[in-house]
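Student: Below are the structure tokens for one structure; questions will follow.
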Amino acid sequence: MLAKRIIPCLDVEGGRVVKGIHFVNLRDAGDPVELAAFYDREGADELVFLDITASHEARDTKVELAARTGEKVFIPYTIGGGIGSLDDIRNILKAGADKVSINTAAARDPSLITRAAERFGSQCVVVAIDGKSRGDGTWEVYTHGGRNPAGIDVLEWASRVESLGAGEIMLTSMDRDGTKLGYDIPLTKAVCDIVSIPVIASGGAGNLDHLAEAIELTGCDAVLAASIFHYKEHAIAEAKEFLDSRGIEVRL
Amino acid sequence: MKPIIGIVDYGMGNLRSVEKGFEKVGFAAEVCSVPDRLISFDGLVLPGVGAFGDAMENLKNLDMVSALYEYIDSGRNMLGICLGMQLLLSYSEEHGRFEGLDVVPGRVVRLPDSVKVPHMGWNVLDIKKDVPLLQGIESGMRFYFVHSFYCEPADAESQIAATPYGLDFTSILGKGNVWGLQFHPEKSSLLGLRILESFGRTVEEQVA
């Protein structure tokens with residue numbers, strides 16, 4: 001059976017890791033590629049880089065990151081953050097990334113999802129959805145790194161991106177992100193229930209129980225986490241063993 | 001002398017990671033898009049991501065097909081990865097019916113509707129035959145898959161390993177000097193690299 005995936009997420013700015021510089025035994029823990037290679041050795045199933053470089057050079061930094069990562073990392077990796085055009089996507093994939101994640105650009109022009117999927121295959125197109133509760137049991141899509149409400153319902157958007165050709169959804173709860181209170185279970189479950197493409201749960205992981213809870217209660221295919229791995233609170237292998245002991249299939 | 005492994009470039013997918021994978025385990029690899037040069041390599045990898053029909057079209061347009069047959073006839077080892085494995089079969093039912101290289105009799109069909117397609121992630125091998133390519137690899141070990149179609153070889157003898165996903169499909173095949181992997185060894189961390197290393201060794205032993 002297919003294993004549930006554990007995916008560390010690395011925030012990168014100007015070619016440096018923004019969080020997660022507390023590692024010991026790494027020559028340069030601020031280097032995203034060093035950190036990524038470390039996670040590969042530790043047993044991560046996949047990696048996500050979120051490049052938040054806000055300048056006109058951001059395009060080149062993502063392509064360079066994709067190329068440098070490919071030299072040392074032998075698990076699949078996704079690059080996201082401000083990707084806006086088919087050209088951007090082509091350049092990043094050509095440099096060696098397995099997938100790209102698109103968010104704001106997809107909300108602005110949903111046809112980008114279809115064009116990218118037709119050109120490069122659905123499996124390379126991850127749509128990142130940032131959702132925030134409206135307080136009435138529904139969720140709204142936010143764009144621009146969670147700053148702007150897009151006026152779209154998360155569930156409607158999730159099924160639309162699936163029909164447009166997205167291969168996977170990376171779903172982040174804006175309410176839970178950074179809180180360490182656990183994933184937003186109702187949101188994640190609601191999305192998993194209506195789409196048949198893989199869903200990566202994101203936002204809020206604070207301990208290993210949270211990872212297990214998301215997998216057991218929502219039907220998600222993968223869990224993404226940043227701080228619990230970056231600050232070495234838990235090693236990837238420890239997380240895998242814990243999930244395995246709960247009867248969840250993982251790659252040990 | 002260390003062998004050199006050729007990676008066939010026919011415009012389908014990312015070849016860099018396969019090249020880097022071989023380098024990581026100490027073998028020289030070179031991406032090649034010139035049909036006449038294929039025969040100069042000690043071992044050959046046919047990679048590929050994308051649609052079957054487009055891939056065969058590209059191979060034909062680039063005059064790669066006869067070069068590949070010539071290579072296989074030379075008795076040297078060739079490894080198809082993912083779509084590159086599927087191209088070895090007689091035909092595929094992806095978006096119609098497209099003829100393949102027919103090196104391994106059989107067809108390529110879609111995974112059943114009972115499971116999420118594409119099959120994406122880490123799944124296990126059930127090894128049916130011991131071959132040098134799988135040195136240090138055991139049943140139950142996981143590799144990274146991304147595909148919607150799978151190979152159904154006509155002759156059960158060519159099945160080296162199977163993987164359960166909706167049904168038990170052939171995830172590794174072997175026929176003489178031709179091998180196929182449905183998963184991506186270059187994306188399967190240490191164990192995937194171990195298979196690339198074993199392929200390199202097989203090639204090396206033949207050269208020696």
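Each chain of the structure tokens is named A, B, ... in the order shown, its residues numbered from 1; ligands are numbered from 1 in display order.
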Produce a table with one row for each residue of chain B that has an atom at most 9 Å from any atom of chain A, each row naming the nearest atom pair and its distance in Å at one decimal; use only C-alpha atoms; arrange rows by chain and rising residue number; format as a Markdown table.
Tutor:
```
| residue | atom | partner | partner_atom | distance |
| --- | --- | --- | --- | --- |
| B:Gly13 | CA | A:Lys94 | CA | 8.0 |
| B:Asn14 | CA | A:Lys94 | CA | 6.3 |
| B:Leu15 | CA | A:Gly96 | CA | 8.3 |
| B:Arg16 | CA | A:Gly96 | CA | 6.6 |
| B:Ser17 | CA | A:Gly70 | CA | 6.1 |
| B:Lys20 | CA | A:Glu71 | CA | 6.0 |
| B:Gly21 | CA | A:Phe74 | CA | 7.3 |
| B:Lys24 | CA | A:Lys72 | CA | 8.2 |
| B:Val49 | CA | A:Gly121 | CA | 8.5 |
| B:Gly50 | CA | A:Gly121 | CA | 6.6 |
| B:Ala51 | CA | A:Gly121 | CA | 8.6 |
| B:Lys116 | CA | A:Ser196 | CA | 6.6 |
| B:Val117 | CA | A:Ile197 | CA | 7.8 |
| B:Pro118 | CA | A:Gln123 | CA | 7.4 |
| B:His119 | CA | A:Leu2 | CA | 8.3 |
| B:Met120 | CA | A:Gln123 | CA | 8.1 |
| B:Gly121 | CA | A:Leu2 | CA | 6.4 |
| B:Trp122 | CA | A:Ala3 | CA | 5.6 |
| B:Asn123 | CA | A:Leu2 | CA | 4.8 |
| B:Val124 | CA | A:Met1 | CA | 7.0 |
| B:Met141 | CA | A:Arg251 | CA | 8.0 |
| B:Arg142 | CA | A:Arg251 | CA | 6.4 |
| B:Phe143 | CA | A:Arg251 | CA | 8.9 |
| B:Tyr144 | CA | A:Ile75 | CA | 8.1 |
| B:Val146 | CA | A:Gln123 | CA | 7.4 |
| B:His147 | CA | A:Gln123 | CA | 8.5 |
| B:Thr163 | CA | A:Met1 | CA | 8.4 |
| B:Pro164 | CA | A:Met1 | CA | 6.2 |
| B:Tyr165 | CA | A:Met1 | CA | 6.4 |
| B:Pro185 | CA | A:Phe74 | CA | 8.6 |
| B:Glu186 | CA | A:Phe74 | CA | 5.9 |
| B:Lys187 | CA | A:Ile75 | CA | 4.3 |
| B:Ser188 | CA | A:Ile75 | CA | 5.6 |
| B:Ser189 | CA | A:Phe74 | CA | 4.8 |
| B:Leu190 | CA | A:Phe74 | CA | 7.8 |
| B:Gly192 | CA | A:Phe74 | CA | 8.4 |
| B:Leu193 | CA | A:Phe74 | CA | 8.1 |
```
Student: Please list as a list in words every residue within 10 Å of A:Pro8, counting only C-alpha atoms and excluding residues in the same chain fewer than 4 positions away.
Tutor: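 Within the cut-off, the hits are Ala36, Tyr39, Ala44, Asp45, Glu46, Leu47, Val48, Phe49, Val223, Leu224, Ala225, Ala226, Ser227, Ile228, Phe229, His230 and Ile236 of chain A.
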Student: Any idea what the distance is between atom CA of A:Thr179 and atom CA of A:Asp130?
Tutor: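 Atom-to-atom, atom CA of A:Thr179 and atom CA of A:Asp130 are spaced 15.1 Å apart.
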Student: Write down as a list in words the residues of stretch 62-174 of chain B whose backbone DSSP state falls under helix (DSSP H, G or I).
Tutor: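 DSSP on the backbone gives helix (DSSP H, G or I) at Val65, Ser66, Ala67, Leu68, Tyr69, Glu70, Tyr71, Ile72, Asp73, Leu83, Gly84, Met85, Gln86, Pro132, Leu133, Leu134, Ala156, Glu157 and Ser158 of chain B.
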Student: Export C-alpha atoms of the chosen residues as a PDB file, in the first residue's frame?
Tutor:
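Output saved as result_17.pdb:
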```pdb
ATOM      1  CA  VAL B  65      14.173   3.875 -32.773  1.00  0.00           C
ATOM      2  CA  SER B  66      16.649   1.953 -34.945  1.00  0.00           C
ATOM      3  CA  ALA B  67      19.531   3.209 -32.782  1.00  0.00           C
ATOM      4  CA  LEU B  68      17.794   1.711 -29.726  1.00  0.00           C
ATOM      5  CA  TYR B  69      17.239  -1.646 -31.499  1.00  0.00           C
ATOM      6  CA  GLU B  70      20.860  -1.661 -32.571  1.00  0.00           C
ATOM      7  CA  TYR B  71      21.881  -0.986 -28.987  1.00  0.00           C
ATOM      8  CA  ILE B  72      19.771  -3.792 -27.574  1.00  0.00           C
ATOM      9  CA  ASP B  73      21.053  -6.205 -30.241  1.00  0.00           C
ATOM     10  CA  LEU B  83       7.704   5.934 -19.267  1.00  0.00           C
ATOM     11  CA  GLY B  84      11.014   4.594 -20.596  1.00  0.00           C
ATOM     12  CA  MET B  85      10.025   1.166 -19.214  1.00  0.00           C
ATOM     13  CA  GLN B  86       6.561   1.348 -20.759  1.00  0.00           C
ATOM     14  CA  PRO B 132      21.959  -8.592  -9.784  1.00  0.00           C
ATOM     15  CA  LEU B 133      20.082  -5.314 -10.287  1.00  0.00           C
ATOM     16  CA  LEU B 134      18.360  -5.847  -6.924  1.00  0.00           C
ATOM     17  CA  ALA B 156       5.212 -13.802 -16.725  1.00  0.00           C
ATOM     18  CA  GLU B 157       8.893 -14.710 -16.907  1.00  0.00           C
ATOM     19  CA  SER B 158       9.822 -11.089 -17.506  1.00  0.00           C
TER      20      SER B 158
END
```
Student: Near B:Asp130, within 12 Å and counting only C-alpha atoms, which residues show up once chain neighbours fewer than 3 positions away are dropped, as a short mmCIF file (atom, residue, chain, number, x, y, z; two decimals) with N, CA and C atoms, in the first residue's frame?
Tutor:
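Okay, around_14.cif is ready:
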```
data_model
loop_
_atom_site.label_atom_id
_atom_site.label_comp_id
_atom_site.auth_asym_id
_atom_site.auth_seq_id
_atom_site.Cartn_x
_atom_site.Cartn_y
_atom_site.Cartn_z
N ASP B 126 7.41 -6.35 -4.30
CA ASP B 126 7.32 -7.77 -3.95
C ASP B 126 8.20 -8.47 -4.98
N ILE B 127 9.40 -8.84 -4.55
CA ILE B 127 10.40 -9.34 -5.50
C ILE B 127 10.12 -10.80 -5.85
N LEU B 133 20.56 -6.70 -10.38
CA LEU B 133 20.08 -5.31 -10.29
C LEU B 133 19.51 -5.01 -8.90
N LEU B 134 19.03 -6.05 -8.21
CA LEU B 134 18.36 -5.85 -6.92
C LEU B 134 19.22 -6.27 -5.74
N GLN B 135 20.52 -6.24 -5.92
CA GLN B 135 21.42 -6.56 -4.83
C GLN B 135 21.19 -5.58 -3.67
N GLY B 136 20.95 -6.12 -2.48
CA GLY B 136 20.73 -5.26 -1.32
C GLY B 136 19.32 -4.70 -1.24
N ILE B 137 18.44 -5.18 -2.10
CA ILE B 137 17.04 -4.73 -2.09
C ILE B 137 16.17 -5.90 -1.70
N GLU B 138 15.24 -5.67 -0.79
CA GLU B 138 14.36 -6.75 -0.33
C GLU B 138 12.90 -6.38 -0.54
N SER B 139 12.06 -7.40 -0.59
CA SER B 139 10.61 -7.16 -0.67
C SER B 139 10.19 -6.32 0.52
N GLN B 159 8.58 -10.70 -15.43
CA GLN B 159 8.27 -9.94 -14.22
C GLN B 159 9.33 -10.21 -13.14
N ILE B 160 10.02 -9.15 -12.73
CA ILE B 160 11.06 -9.29 -11.69
C ILE B 160 10.47 -8.93 -10.32
N ALA B 161 9.59 -7.90 -10.31
CA ALA B 161 8.95 -7.51 -9.05
C ALA B 161 7.57 -6.94 -9.35
N ILE B 172 8.98 -4.00 -11.83
CA ILE B 172 10.32 -4.17 -12.42
C ILE B 172 10.22 -5.30 -13.43
N LEU B 173 10.73 -5.05 -14.63
CA LEU B 173 10.77 -6.16 -15.58
C LEU B 173 12.17 -6.33 -16.13
N GLY B 174 12.44 -7.54 -16.61
CA GLY B 174 13.75 -7.84 -17.15
C GLY B 174 13.62 -8.89 -18.23
#
```
